[in-house]
file start_18.cif (mmCIF, C-alpha atoms and all ligand atoms)
data_my_file
loop_
_atom_site.label_atom_id
_atom_site.label_comp_id
_atom_site.auth_asym_id
_atom_site.auth_seq_id
_atom_site.Cartn_x
_atom_site.Cartn_y
_atom_site.Cartn_z
CA MET A 1 -137.45 252.27 -150.71
CA SER A 2 -137.90 255.48 -148.78
CA VAL A 3 -140.85 257.53 -147.60
CA LEU A 4 -140.98 261.28 -147.08
CA ALA A 5 -143.55 262.59 -144.61
CA LEU A 6 -144.48 266.28 -144.35
CA ALA A 7 -145.48 267.11 -140.80
CA GLY A 8 -146.52 269.77 -138.35
CA GLY A 9 -146.69 268.98 -134.64
CA VAL A 10 -149.25 266.71 -133.03
CA GLY A 11 -151.12 265.23 -136.04
CA GLY A 12 -147.83 264.98 -137.90
CA ALA A 13 -146.03 263.27 -135.05
CA LYS A 14 -148.78 260.66 -134.66
CA LEU A 15 -148.52 259.45 -138.26
CA ALA A 16 -144.73 259.80 -138.21
CA GLU A 17 -144.68 257.46 -135.21
CA GLY A 18 -146.84 254.96 -137.12
CA LEU A 19 -144.58 255.16 -140.19
CA ALA A 20 -141.48 254.79 -138.02
CA ALA A 21 -142.93 251.58 -136.59
CA ILE A 22 -143.28 249.90 -140.00
CA ILE A 23 -140.47 251.29 -142.19
CA PRO A 24 -136.75 250.47 -141.74
CA PRO A 25 -135.25 253.48 -139.89
CA GLY A 26 -132.96 254.56 -142.73
CA GLU A 27 -135.92 254.82 -145.09
CA LEU A 28 -138.07 257.46 -143.37
CA THR A 29 -137.53 261.21 -143.52
CA VAL A 30 -139.91 263.46 -141.60
CA ALA A 31 -139.75 267.03 -142.95
CA VAL A 32 -141.11 269.27 -140.22
CA ASN A 33 -142.70 272.71 -140.36
CA THR A 34 -140.66 275.54 -138.86
CA GLY A 35 -143.23 278.32 -139.45
CA ASP A 36 -144.27 278.06 -135.76
CA ASP A 37 -140.70 278.70 -134.57
CA PHE A 38 -140.03 281.83 -132.58
CA GLU A 39 -137.74 283.54 -130.13
CA HIS A 40 -139.05 283.76 -126.60
CA LEU A 41 -137.24 284.76 -123.38
CA GLY A 42 -134.08 284.85 -125.46
CA LEU A 43 -134.57 281.22 -126.50
CA ARG A 44 -135.15 279.68 -129.87
CA ILE A 45 -138.26 277.51 -129.76
CA SER A 46 -139.17 275.02 -132.52
CA PRO A 47 -142.48 273.55 -131.36
CA ASP A 48 -143.20 271.19 -134.25
CA ILE A 49 -139.66 269.80 -134.40
CA ASP A 50 -139.78 269.16 -130.66
CA THR A 51 -143.19 267.46 -130.85
CA VAL A 52 -141.99 265.12 -133.62
CA THR A 53 -138.65 264.49 -131.84
CA TYR A 54 -140.18 263.80 -128.43
CA THR A 55 -142.82 261.56 -130.02
CA LEU A 56 -140.37 259.46 -132.06
CA ALA A 57 -138.19 259.17 -128.95
CA GLY A 58 -141.21 257.96 -126.94
CA LEU A 59 -140.76 260.88 -124.53
CA ASN A 60 -143.85 262.90 -125.42
CA ASN A 61 -146.56 263.84 -122.96
CA GLN A 62 -149.60 261.93 -124.21
CA GLU A 63 -152.30 263.64 -122.13
CA GLN A 64 -151.12 267.18 -122.69
CA GLY A 65 -150.48 266.56 -126.41
CA TRP A 66 -147.22 268.55 -126.39
CA GLY A 67 -144.03 268.67 -124.34
CA LEU A 68 -142.31 265.96 -122.36
CA GLU A 69 -143.66 263.11 -120.24
CA GLY A 70 -143.13 263.56 -116.50
CA GLU A 71 -142.53 267.28 -116.92
CA THR A 72 -142.28 269.60 -113.92
CA TRP A 73 -143.00 273.35 -113.91
CA ASN A 74 -140.70 274.92 -111.34
CA PHE A 75 -139.11 277.31 -113.81
CA ILE A 76 -142.39 278.80 -115.05
CA ALA A 77 -143.73 279.12 -111.47
CA ALA A 78 -140.55 280.92 -110.39
CA LEU A 79 -140.74 283.14 -113.47
CA GLU A 80 -144.32 284.05 -112.62
CA ARG A 81 -143.29 285.14 -109.11
CA LEU A 82 -140.81 287.51 -110.70
CA GLY A 83 -143.45 288.99 -113.01
CA GLY A 84 -142.02 287.34 -116.15
CA GLU A 85 -143.93 286.37 -119.30
CA THR A 86 -145.69 283.07 -118.71
CA TRP A 87 -148.29 282.86 -121.51
CA PHE A 88 -146.05 280.37 -123.33
CA ARG A 89 -145.46 277.57 -120.86
CA LEU A 90 -142.03 276.01 -120.76
CA GLY A 91 -141.48 272.88 -118.70
CA ASP A 92 -138.25 272.34 -116.77
CA ARG A 93 -137.01 269.48 -118.94
CA ASP A 94 -138.22 271.07 -122.17
CA LEU A 95 -136.23 274.17 -121.23
CA ALA A 96 -133.01 272.20 -121.64
CA THR A 97 -133.91 271.60 -125.30
CA HIS A 98 -134.46 275.31 -125.95
CA ILE A 99 -131.37 276.45 -124.06
CA GLU A 100 -129.07 273.94 -125.74
CA ARG A 101 -130.56 274.63 -129.19
CA THR A 102 -130.16 278.37 -128.71
CA GLN A 103 -126.49 277.96 -127.76
CA ARG A 104 -125.70 275.67 -130.66
CA LEU A 105 -127.49 277.83 -133.24
CA LYS A 106 -124.73 280.40 -132.75
CA SER A 107 -122.45 278.11 -134.76
CA GLU A 108 -124.64 275.32 -136.25
CA THR A 109 -127.69 275.07 -138.50
CA LEU A 110 -131.11 274.05 -137.17
CA SER A 111 -130.77 270.91 -139.33
CA ALA A 112 -127.54 269.93 -137.59
CA VAL A 113 -128.89 270.62 -134.11
CA THR A 114 -132.13 268.74 -134.84
CA ALA A 115 -130.25 265.71 -136.21
CA ASP A 116 -127.91 265.59 -133.22
CA PHE A 117 -130.72 265.90 -130.64
CA ALA A 118 -132.62 263.12 -132.44
CA LYS A 119 -129.56 260.87 -132.42
CA ARG A 120 -128.89 261.52 -128.74
CA LEU A 121 -132.52 260.64 -127.93
CA GLY A 122 -132.15 257.32 -129.76
CA ILE A 123 -134.10 258.21 -132.93
CA ARG A 124 -132.84 256.46 -136.05
CA GLN A 125 -135.19 258.13 -138.57
CA ALA A 126 -134.26 261.43 -140.22
CA ILE A 127 -136.05 264.47 -138.79
CA VAL A 128 -135.32 267.50 -140.96
CA PRO A 129 -136.52 271.07 -140.52
CA VAL A 130 -138.02 272.12 -143.87
CA THR A 131 -135.62 275.06 -143.97
CA ASP A 132 -132.69 276.48 -142.02
CA ASP A 133 -133.87 279.97 -142.90
CA PRO A 134 -136.11 281.98 -140.53
CA LEU A 135 -139.54 280.92 -141.84
CA ARG A 136 -142.07 282.66 -139.57
CA THR A 137 -145.79 282.34 -140.11
CA MET A 138 -147.73 285.60 -139.66
CA VAL A 139 -151.49 285.55 -139.34
CA GLN A 140 -153.54 288.37 -140.85
CA THR A 141 -156.66 288.58 -138.67
CA ASP A 142 -159.57 290.81 -137.72
CA GLN A 143 -157.27 291.98 -134.89
CA GLY A 144 -154.45 292.87 -137.27
CA LEU A 145 -151.27 291.07 -138.31
CA LEU A 146 -150.14 288.68 -135.58
CA ALA A 147 -147.00 286.64 -135.06
CA PHE A 148 -147.95 282.98 -135.09
CA GLN A 149 -147.56 282.22 -131.36
CA ASP A 150 -149.44 285.42 -130.44
CA TYR A 151 -152.33 284.12 -132.49
CA PHE A 152 -152.00 280.47 -131.50
CA VAL A 153 -151.07 280.47 -127.81
CA ARG A 154 -151.55 283.96 -126.39
CA LEU A 155 -154.90 284.66 -128.12
CA ARG A 156 -155.87 280.94 -128.29
CA CYS A 157 -156.78 281.15 -131.99
CA ALA A 158 -159.72 283.46 -131.20
CA PRO A 159 -159.08 286.09 -133.92
CA ARG A 160 -160.66 285.48 -137.34
CA VAL A 161 -158.03 284.42 -139.86
CA ASP A 162 -158.10 286.30 -143.17
CA ARG A 163 -154.77 285.18 -144.61
CA LEU A 164 -151.46 283.56 -143.75
CA GLU A 165 -148.21 285.26 -144.65
CA PHE A 166 -144.60 284.06 -144.66
CA PRO A 167 -142.48 287.21 -144.82
CA GLY A 168 -139.32 286.85 -146.91
CA VAL A 169 -140.09 283.26 -147.90
CA GLU A 170 -139.28 283.97 -151.56
CA ALA A 171 -135.59 284.36 -150.61
CA MET A 172 -135.45 281.22 -148.43
CA LYS A 173 -134.47 277.74 -149.45
CA PRO A 174 -135.45 274.26 -148.35
CA SER A 175 -132.94 272.57 -146.06
CA ALA A 176 -130.41 270.24 -147.68
CA GLY A 177 -132.01 267.25 -145.92
CA PHE A 178 -135.49 268.10 -147.21
CA ALA A 179 -134.23 268.73 -150.76
CA ALA A 180 -132.29 265.45 -150.72
CA ALA A 181 -135.33 263.49 -149.52
CA LEU A 182 -137.46 265.00 -152.31
CA ALA A 183 -134.86 264.10 -154.92
CA ASP A 184 -134.16 260.59 -153.52
CA ALA A 185 -134.20 258.09 -156.39
CA ASN A 186 -135.44 255.42 -153.96
CA LEU A 187 -138.48 257.41 -152.86
CA ARG A 188 -141.70 255.37 -153.01
CA ALA A 189 -144.22 257.80 -151.53
CA ILE A 190 -144.69 261.30 -150.15
CA VAL A 191 -147.20 261.54 -147.32
CA ILE A 192 -148.79 264.74 -146.04
CA CYS A 193 -149.59 263.90 -142.42
CA PRO A 194 -152.96 264.86 -140.93
CA SER A 195 -151.50 268.18 -139.85
CA ASN A 196 -153.20 271.55 -140.01
CA PRO A 197 -153.18 272.31 -143.78
CA PHE A 198 -152.91 276.07 -143.24
CA LEU A 199 -150.67 276.42 -140.20
CA SER A 200 -148.43 273.38 -140.65
CA ILE A 201 -148.38 272.41 -144.35
CA LEU A 202 -148.90 275.74 -146.19
CA PRO A 203 -145.63 277.18 -144.79
CA ILE A 204 -143.81 274.15 -146.21
CA LEU A 205 -145.53 274.50 -149.60
CA SER A 206 -144.63 278.20 -149.66
CA LEU A 207 -140.87 277.55 -149.70
CA PRO A 208 -139.39 278.21 -153.16
CA GLY A 209 -139.23 275.10 -155.30
CA ILE A 210 -141.32 272.86 -153.07
CA ARG A 211 -144.62 273.13 -154.92
CA ASP A 212 -142.78 272.60 -158.23
CA ALA A 213 -140.91 269.60 -156.83
CA LEU A 214 -144.15 268.09 -155.56
CA GLU A 215 -145.99 268.80 -158.81
CA GLY A 216 -143.18 267.11 -160.75
CA ARG A 217 -143.24 264.05 -158.46
CA ARG A 218 -142.55 260.57 -159.79
CA VAL A 219 -144.12 258.83 -156.79
CA PRO A 220 -147.60 258.97 -155.30
CA LEU A 221 -148.36 261.90 -153.01
CA LEU A 222 -151.01 261.16 -150.42
CA ALA A 223 -152.56 262.98 -147.51
CA VAL A 224 -154.48 261.85 -144.46
CA SER A 225 -157.31 264.25 -143.69
CA PRO A 226 -157.08 266.05 -140.33
CA ILE A 227 -160.81 266.79 -140.52
CA ILE A 228 -163.18 264.11 -139.24
CA GLY A 229 -166.94 264.65 -139.35
CA GLY A 230 -166.53 268.35 -140.08
CA GLN A 231 -164.27 268.89 -137.07
CA ALA A 232 -160.57 268.97 -136.33
CA VAL A 233 -159.43 266.31 -133.89
CA LYS A 234 -157.58 269.11 -132.10
CA GLY A 235 -156.75 272.74 -132.82
CA PRO A 236 -158.15 275.38 -135.14
CA ALA A 237 -158.06 273.67 -138.58
CA ALA A 238 -161.87 273.56 -138.92
CA LYS A 239 -162.31 277.10 -137.57
CA ILE A 240 -159.75 278.44 -140.05
CA MET A 241 -161.33 276.55 -142.96
CA GLN A 242 -164.65 278.17 -142.17
CA GLU A 243 -163.05 281.62 -141.81
CA LEU A 244 -161.32 281.20 -145.17
CA GLY A 245 -164.64 280.27 -146.78
CA LEU A 246 -163.70 276.65 -147.48
CA ASN A 247 -165.92 273.63 -147.14
CA VAL A 248 -165.21 272.36 -143.59
CA SER A 249 -164.72 268.71 -144.47
CA SER A 250 -162.30 266.27 -146.07
CA ALA A 251 -163.66 267.56 -149.40
CA GLY A 252 -162.41 271.02 -148.39
CA VAL A 253 -159.01 269.51 -147.52
CA ALA A 254 -158.90 267.84 -150.97
CA GLY A 255 -159.83 271.17 -152.57
CA PHE A 256 -157.11 272.99 -150.65
CA TYR A 257 -154.36 270.57 -151.76
CA GLY A 258 -155.84 270.39 -155.27
CA ALA A 259 -153.74 268.77 -157.98
CA LEU A 260 -150.93 267.98 -155.52
CA LEU A 261 -152.79 264.93 -154.27
CA ASP A 262 -152.87 261.52 -155.90
CA GLY A 263 -154.68 260.09 -152.92
CA LEU A 264 -156.54 261.17 -149.79
CA MET A 265 -157.32 258.97 -146.80
CA ILE A 266 -160.54 260.06 -145.13
CA ASP A 267 -162.23 258.80 -142.00
CA GLU A 268 -165.01 256.22 -141.98
CA THR A 269 -167.28 258.88 -140.50
CA ASP A 270 -166.94 260.71 -143.82
CA ARG A 271 -167.49 257.73 -146.11
CA ALA A 272 -170.52 259.44 -147.73
CA LEU A 273 -168.26 262.32 -148.86
CA ALA A 274 -166.07 260.08 -151.03
CA PRO A 275 -168.14 260.44 -154.25
CA GLU A 276 -168.14 264.25 -153.85
CA ILE A 277 -164.36 264.52 -153.74
CA ALA A 278 -163.12 265.27 -157.21
CA GLY A 279 -159.48 264.59 -158.07
CA PRO A 280 -157.56 262.28 -155.76
CA ALA A 281 -158.20 258.58 -155.26
CA ILE A 282 -159.91 258.05 -151.91
CA HIS A 283 -159.19 255.50 -149.24
CA VAL A 284 -161.68 255.26 -146.39
CA GLY A 285 -160.51 254.01 -142.98
CA ASP A 286 -160.40 254.74 -139.27
CA THR A 287 -158.04 257.73 -139.15
CA MET A 288 -158.40 258.50 -135.42
CA MET A 289 -154.99 257.71 -133.94
CA ARG A 290 -155.61 257.15 -130.24
CA ASP A 291 -152.69 254.85 -129.51
CA ALA A 292 -149.57 253.26 -131.00
CA GLY A 293 -151.65 250.48 -132.59
CA ASP A 294 -153.85 253.02 -134.41
CA ARG A 295 -150.82 254.95 -135.63
CA ARG A 296 -149.24 251.83 -137.01
CA ARG A 297 -152.48 250.76 -138.67
CA VAL A 298 -153.08 254.14 -140.33
CA ALA A 299 -149.45 254.18 -141.56
CA THR A 300 -149.82 250.66 -142.95
CA GLU A 301 -153.03 251.59 -144.78
CA VAL A 302 -151.45 254.76 -146.19
CA LEU A 303 -148.47 252.85 -147.62
CA ALA A 304 -150.72 250.12 -149.07
CA PHE A 305 -152.82 252.89 -150.64
CA ALA A 306 -149.65 254.43 -152.15
CA GLU A 307 -148.74 251.02 -153.52
CA ARG A 308 -152.17 250.65 -155.18
CA ILE A 309 -151.85 254.12 -156.71
CA SER A 310 -148.34 253.33 -158.00
CA ARG A 311 -149.59 250.21 -159.73
CA SER A 312 -152.67 251.82 -161.30
P1 LIG B 1 -149.71 271.28 -134.38
O1 LIG B 1 -148.64 271.94 -135.21
O2 LIG B 1 -149.21 270.74 -133.08
O3 LIG B 1 -151.00 272.02 -134.30
O4 LIG B 1 -150.03 269.91 -135.12
P2 LIG B 1 -150.41 269.48 -136.58
O5 LIG B 1 -150.67 270.59 -137.50
O6 LIG B 1 -149.45 268.42 -136.99
O7 LIG B 1 -151.73 268.71 -136.24
C1 LIG B 1 -152.95 269.34 -135.97
C2 LIG B 1 -154.00 268.64 -136.78
O8 LIG B 1 -153.90 267.24 -136.54
C3 LIG B 1 -155.39 269.05 -136.41
O9 LIG B 1 -155.98 269.64 -137.55
C4 LIG B 1 -156.08 267.73 -136.03
O10 LIG B 1 -157.38 267.64 -136.55
C5 LIG B 1 -155.18 266.68 -136.64
N1 LIG B 1 -155.14 265.44 -135.87
C6 LIG B 1 -154.68 265.28 -134.62
N2 LIG B 1 -154.82 264.00 -134.24
C7 LIG B 1 -155.36 263.32 -135.28
C8 LIG B 1 -155.75 261.96 -135.50
O11 LIG B 1 -155.60 261.10 -134.64
N3 LIG B 1 -156.30 261.67 -136.73
C9 LIG B 1 -156.48 262.61 -137.70
N4 LIG B 1 -157.02 262.23 -138.86
N5 LIG B 1 -156.13 263.91 -137.53
C10 LIG B 1 -155.58 264.25 -136.33
#

call {"tool": "encode", "arguments": {"input": "start_18.cif", "output": "structure tokens", "more": "lines below"}}
Ligand code: GDP
result
Amino acid sequence: MSVLALAGGVGGAKLAEGLAAIIPPGELTVAVNTGDDFEHLGLRISPDIDTVTYTLAGLNNQEQGWGLEGETWNFIAALERLGGETWFRLGDRDLATHIERTQRLKSETLSAVTADFAKRLGIRQAIVPVTDDPLRTMVQTDQGLLAFQDYFVRLRCAPRVDRLEFPGVEAMKPSAGFAAALADANLRAIVICPSNPFLSILPILSLPGIRDALEGRRVPLLAVSPIIGGQAVKGPAAKIMQELGLNVSSAGVAGFYGALLDGLMIDETDRALAPEIAGPAIHVGDTMMRDAGDRRRVATEVLAFAERISRS
């Protein structure tokens, strides 16, 4: 019985790692956001795919929260000496990923490249980009329309977000791997990881057919809230919620996903919010995933929650 997880980068990778630890490898598909992808220094960068891949391979840099363990920075230092663009930091080892991906994309799809990299790094779960088309999140802000990485890395999420846009998305299609996972007759649950709902999950939901497929689901769809005690564990999710006029809490997350959710796991800190959340069933637990044990525990609780929803 398979599980489909929808993921962005860091929060997505943490729960994906927990799920990977408790589900047989052939039964987990992680569908990863590609709205953060961009071209930089002539290279094709897929930050969320790399975060999920490095994490499932056990190669991720835990302290930094992105990139590879044991990374060195000779390339970026040398680039700086030459007056090159250094606002987006690329580690020496990480650079190999981007260079090799860029080469291969001349003749292969992102899905094929992602699957091969995962296999070579010893990952037995399926990591699928949500689309092979050029999904590119644009952020409409008080400083104008910004490409995602300009907003996120160069301007450090300082501009006020008014709206997110996905130019051309109406003509794109989900990747074959994502579509197959959604249609899998053995699917037992769909899990929205505690990823940024606006920057990581909304691009996925914006792809043609995805919202309809999720609305027509035959299995429970659950999310783990990325908001704990009114704050994001990391990143701008809470800031964006406030800027969009949403309630900055797990109740706001439930409201944002609306009728898509059968269940929402919220943190113990937010136990008092449970009665206020209309719609999904609520499971309260410790959702802070500090280490591998936490990730496994949250994944176990999420699947048990799905099981309870299925039976009810
Ligand atoms: P990004 O693409 O790298 O920004 O990563 P994601 O969108 O996947 O994850 C960012 C979100 O993950 C943020 O909104 C965080 O609040 C959330 N997050 C990160 N770590 C944890 C955690 O341990 N528990 C929970 N509940 N949320 C987390």

call {"tool": "residues_near_point", "arguments": {"input": "start_18.cif", "point": "(-149.0, 276.1, -144.4)", "cutoff": "10 Å", "atoms": "all atoms listed in the file", "output": "ChimeraX atom specification"}}
result
/A:8,33,35,137,164-166,195-207

call {"tool": "write_last_selection", "arguments": {"input": "start_18.cif", "atoms": "C-alpha atoms", "output": "PDB file, keeping the file's coordinate frame"}}
result
ATOM      1  CA  GLY A   8    -146.520 269.770-138.350  1.00  0.00           C
ATOM      2  CA  ASN A  33    -142.700 272.710-140.360  1.00  0.00           C
ATOM      3  CA  GLY A  35    -143.230 278.320-139.450  1.00  0.00           C
ATOM      4  CA  THR A 137    -145.790 282.340-140.110  1.00  0.00           C
ATOM      5  CA  LEU A 164    -151.460 283.560-143.750  1.00  0.00           C
ATOM      6  CA  GLU A 165    -148.210 285.260-144.650  1.00  0.00           C
ATOM      7  CA  PHE A 166    -144.600 284.060-144.660  1.00  0.00           C
ATOM      8  CA  SER A 195    -151.500 268.180-139.850  1.00  0.00           C
ATOM      9  CA  ASN A 196    -153.200 271.550-140.010  1.00  0.00           C
ATOM     10  CA  PRO A 197    -153.180 272.310-143.780  1.00  0.00           C
ATOM     11  CA  PHE A 198    -152.910 276.070-143.240  1.00  0.00           C
ATOM     12  CA  LEU A 199    -150.670 276.420-140.200  1.00  0.00           C
ATOM     13  CA  SER A 200    -148.430 273.380-140.650  1.00  0.00           C
ATOM     14  CA  ILE A 201    -148.380 272.410-144.350  1.00  0.00           C
ATOM     15  CA  LEU A 202    -148.900 275.740-146.190  1.00  0.00           C
ATOM     16  CA  PRO A 203    -145.630 277.180-144.790  1.00  0.00           C
ATOM     17  CA  ILE A 204    -143.810 274.150-146.210  1.00  0.00           C
ATOM     18  CA  LEU A 205    -145.530 274.500-149.600  1.00  0.00           C
ATOM     19  CA  SER A 206    -144.630 278.200-149.660  1.00  0.00           C
ATOM     20  CA  LEU A 207    -140.870 277.550-149.700  1.00  0.00           C
TER      21      LEU A 207
END

call {"tool": "atom_distance", "arguments": {"input": "start_18.cif", "atom1": "CA of Gln103 in chain A", "atom2": "CA of Val139 in chain A"}}
result
28.6 Å

call {"tool": "closest_residue", "arguments": {"input": "start_18.cif", "among": "A:Arg160, A:Arg44, A:Arg154, A:Lys14", "to": "ligand LIG 1 (chain B)", "atoms": "only C-alpha atoms and all ligand atoms"}}
result
A:Lys14

call {"tool": "atom_distance", "arguments": {"input": "start_18.cif", "atom1": "CA of Arg89 in chain A", "atom2": "CA of Cys157 in chain A"}}
result
16.3 Å

call {"tool": "atom_distance", "arguments": {"input": "start_18.cif", "atom1": "CA of Ala181 in chain A", "atom2": "atom O7 of ligand LIG 1 (chain B)"}}
result
21.7 Å

call {"tool": "residues_around", "arguments": {"input": "start_18.cif", "residues": "Phe38 in chain A", "least_positions_apart": "6", "cutoff": "10 Å", "atoms": "all atoms listed in the file", "output": "ChimeraX atom specification"}}
result
/A:44-47,134-137,147-149

call {"tool": "closest_residue", "arguments": {"input": "start_18.cif", "among": "A:Lys173, A:Met265, A:Val219, A:Arg124", "to": "Asn186 in chain A", "atoms": "all atoms listed in the file"}}
result
A:Val219

call {"tool": "residues_near_ligand", "arguments": {"input": "start_18.cif", "ligand": "ligand LIG 1 (chain B)", "cutoff": "6 Å", "atoms": "only C-alpha atoms and all ligand atoms", "output": "PDB file with C-alpha atoms, in the coordinates of the input"}}
result
ATOM      1  CA  ALA A   7    -145.480 267.110-140.800  1.00  0.00           C
ATOM      2  CA  GLY A   8    -146.520 269.770-138.350  1.00  0.00           C
ATOM      3  CA  GLY A   9    -146.690 268.980-134.640  1.00  0.00           C
ATOM      4  CA  VAL A  10    -149.250 266.710-133.030  1.00  0.00           C
ATOM      5  CA  GLY A  11    -151.120 265.230-136.040  1.00  0.00           C
ATOM      6  CA  GLY A  12    -147.830 264.980-137.900  1.00  0.00           C
ATOM      7  CA  ASP A  48    -143.200 271.190-134.250  1.00  0.00           C
ATOM      8  CA  PRO A 194    -152.960 264.860-140.930  1.00  0.00           C
ATOM      9  CA  SER A 195    -151.500 268.180-139.850  1.00  0.00           C
ATOM     10  CA  ASN A 196    -153.200 271.550-140.010  1.00  0.00           C
ATOM     11  CA  SER A 200    -148.430 273.380-140.650  1.00  0.00           C
ATOM     12  CA  SER A 225    -157.310 264.250-143.690  1.00  0.00           C
ATOM     13  CA  PRO A 226    -157.080 266.050-140.330  1.00  0.00           C
ATOM     14  CA  ILE A 227    -160.810 266.790-140.520  1.00  0.00           C
ATOM     15  CA  ALA A 232    -160.570 268.970-136.330  1.00  0.00           C
ATOM     16  CA  VAL A 233    -159.430 266.310-133.890  1.00  0.00           C
ATOM     17  CA  LYS A 234    -157.580 269.110-132.100  1.00  0.00           C
ATOM     18  CA  GLY A 235    -156.750 272.740-132.820  1.00  0.00           C
ATOM     19  CA  ALA A 237    -158.060 273.670-138.580  1.00  0.00           C
ATOM     20  CA  THR A 287    -158.040 257.730-139.150  1.00  0.00           C
ATOM     21  CA  MET A 288    -158.400 258.500-135.420  1.00  0.00           C
ATOM     22  CA  MET A 289    -154.990 257.710-133.940  1.00  0.00           C
ATOM     23  CA  ARG A 290    -155.610 257.150-130.240  1.00  0.00           C
TER      24      ARG A 290
END

call {"tool": "closest_residue", "arguments": {"input": "start_18.cif", "among": "A:Ala238, A:Ala281, A:Met1, A:Ala57", "to": "Arg308 in chain A", "atoms": "all atoms listed in the file"}}
result
A:Ala281

call {"tool": "residues_around", "arguments": {"input": "start_18.cif", "residues": "Leu222 in chain A", "least_positions_apart": "2", "cutoff": "8 Å", "atoms": "only C-alpha atoms", "output": "NGL selection string"}}
result
:A and (189-192 or 220 or 224 or 261-265 or 302 or 306)

call {"tool": "residues_near_point", "arguments": {"input": "start_18.cif", "point": "(-167.3, 263.2, -154.3)", "cutoff": "12 Å", "atoms": "all atoms listed in the file", "output": "PDB file with C-alpha atoms, in the frame of the given file"}}
result
ATOM      1  CA  SER A 249    -164.720 268.710-144.470  1.00  0.00           C
ATOM      2  CA  SER A 250    -162.300 266.270-146.070  1.00  0.00           C
ATOM      3  CA  ALA A 251    -163.660 267.560-149.400  1.00  0.00           C
ATOM      4  CA  GLY A 252    -162.410 271.020-148.390  1.00  0.00           C
ATOM      5  CA  ALA A 254    -158.900 267.840-150.970  1.00  0.00           C
ATOM      6  CA  GLY A 255    -159.830 271.170-152.570  1.00  0.00           C
ATOM      7  CA  LEU A 264    -156.540 261.170-149.790  1.00  0.00           C
ATOM      8  CA  ILE A 266    -160.540 260.060-145.130  1.00  0.00           C
ATOM      9  CA  ASP A 270    -166.940 260.710-143.820  1.00  0.00           C
ATOM     10  CA  ARG A 271    -167.490 257.730-146.110  1.00  0.00           C
ATOM     11  CA  ALA A 272    -170.520 259.440-147.730  1.00  0.00           C
ATOM     12  CA  LEU A 273    -168.260 262.320-148.860  1.00  0.00           C
ATOM     13  CA  ALA A 274    -166.070 260.080-151.030  1.00  0.00           C
ATOM     14  CA  PRO A 275    -168.140 260.440-154.250  1.00  0.00           C
ATOM     15  CA  GLU A 276    -168.140 264.250-153.850  1.00  0.00           C
ATOM     16  CA  ILE A 277    -164.360 264.520-153.740  1.00  0.00           C
ATOM     17  CA  ALA A 278    -163.120 265.270-157.210  1.00  0.00           C
ATOM     18  CA  GLY A 279    -159.480 264.590-158.070  1.00  0.00           C
ATOM     19  CA  PRO A 280    -157.560 262.280-155.760  1.00  0.00           C
ATOM     20  CA  ALA A 281    -158.200 258.580-155.260  1.00  0.00           C
ATOM     21  CA  ILE A 282    -159.910 258.050-151.910  1.00  0.00           C
TER      22      ILE A 282
END

call {"tool": "closest_residue", "arguments": {"input": "start_18.cif", "among": "A:Glu69, A:Asp184, A:Glu100, A:Asp267", "to": "Thr29 in chain A", "atoms": "all atoms listed in the file"}}
result
A:Asp184

call {"tool": "residues_around", "arguments": {"input": "start_18.cif", "residues": "Asn60 in chain A", "least_positions_apart": "4", "cutoff": "10 Å", "atoms": "all atoms listed in the file", "output": "VMD selection string"}}
result
chain A and resid 13 50 to 56 64 to 71

call {"tool": "residues_around", "arguments": {"input": "start_18.cif", "residues": "Gln140 in chain A", "least_positions_apart": "2", "cutoff": "8 Å", "atoms": "only C-alpha atoms", "output": "mmCIF file with C-alpha atoms, keeping the file's coordinate frame"}}
result
data_model
loop_
_atom_site.group_PDB
_atom_site.id
_atom_site.type_symbol
_atom_site.label_atom_id
_atom_site.label_comp_id
_atom_site.auth_asym_id
_atom_site.auth_seq_id
_atom_site.Cartn_x
_atom_site.Cartn_y
_atom_site.Cartn_z
ATOM 1 C CA MET A 138 -147.730 285.600 -139.660
ATOM 2 C CA ASP A 142 -159.570 290.810 -137.720
ATOM 3 C CA GLN A 143 -157.270 291.980 -134.890
ATOM 4 C CA GLY A 144 -154.450 292.870 -137.270
ATOM 5 C CA LEU A 145 -151.270 291.070 -138.310
ATOM 6 C CA LEU A 146 -150.140 288.680 -135.580
ATOM 7 C CA VAL A 161 -158.030 284.420 -139.860
ATOM 8 C CA ASP A 162 -158.100 286.300 -143.170
ATOM 9 C CA ARG A 163 -154.770 285.180 -144.610
ATOM 10 C CA LEU A 164 -151.460 283.560 -143.750
ATOM 11 C CA GLU A 165 -148.210 285.260 -144.650
#

call {"tool": "closest_residue", "arguments": {"input": "start_18.cif", "among": "A:Ala126, A:Leu43, A:Thr131, A:Asp116", "to": "Leu95 in chain A", "atoms": "all atoms listed in the file"}}
result
A:Leu43

call {"tool": "decode", "arguments": {"input": "start_18.cif", "residues": "range 66-81 of chain A", "atoms": "C-alpha atoms", "output": "short mmCIF file (atom, residue, chain, number, x, y, z; two decimals), in the first residue's frame"}}
result
data_model
loop_
_atom_site.label_atom_id
_atom_site.label_comp_id
_atom_site.auth_asym_id
_atom_site.auth_seq_id
_atom_site.Cartn_x
_atom_site.Cartn_y
_atom_site.Cartn_z
CA TRP A 66 20.32 23.03 2.95
CA GLY A 67 23.13 21.72 0.79
CA LEU A 68 25.59 18.92 1.42
CA GLU A 69 27.35 17.76 4.56
CA GLY A 70 31.09 18.50 4.63
CA GLU A 71 30.73 21.10 1.90
CA THR A 72 33.61 23.38 0.93
CA TRP A 73 33.31 26.82 -0.69
CA ASN A 74 36.35 27.27 -2.92
CA PHE A 75 34.32 27.87 -6.05
CA ILE A 76 32.20 30.68 -4.60
CA ALA A 77 35.29 32.34 -3.02
CA ALA A 78 37.12 32.22 -6.37
CA LEU A 79 34.03 33.56 -8.13
CA GLU A 80 33.87 36.45 -5.68
CA ARG A 81 37.49 37.40 -6.43
#
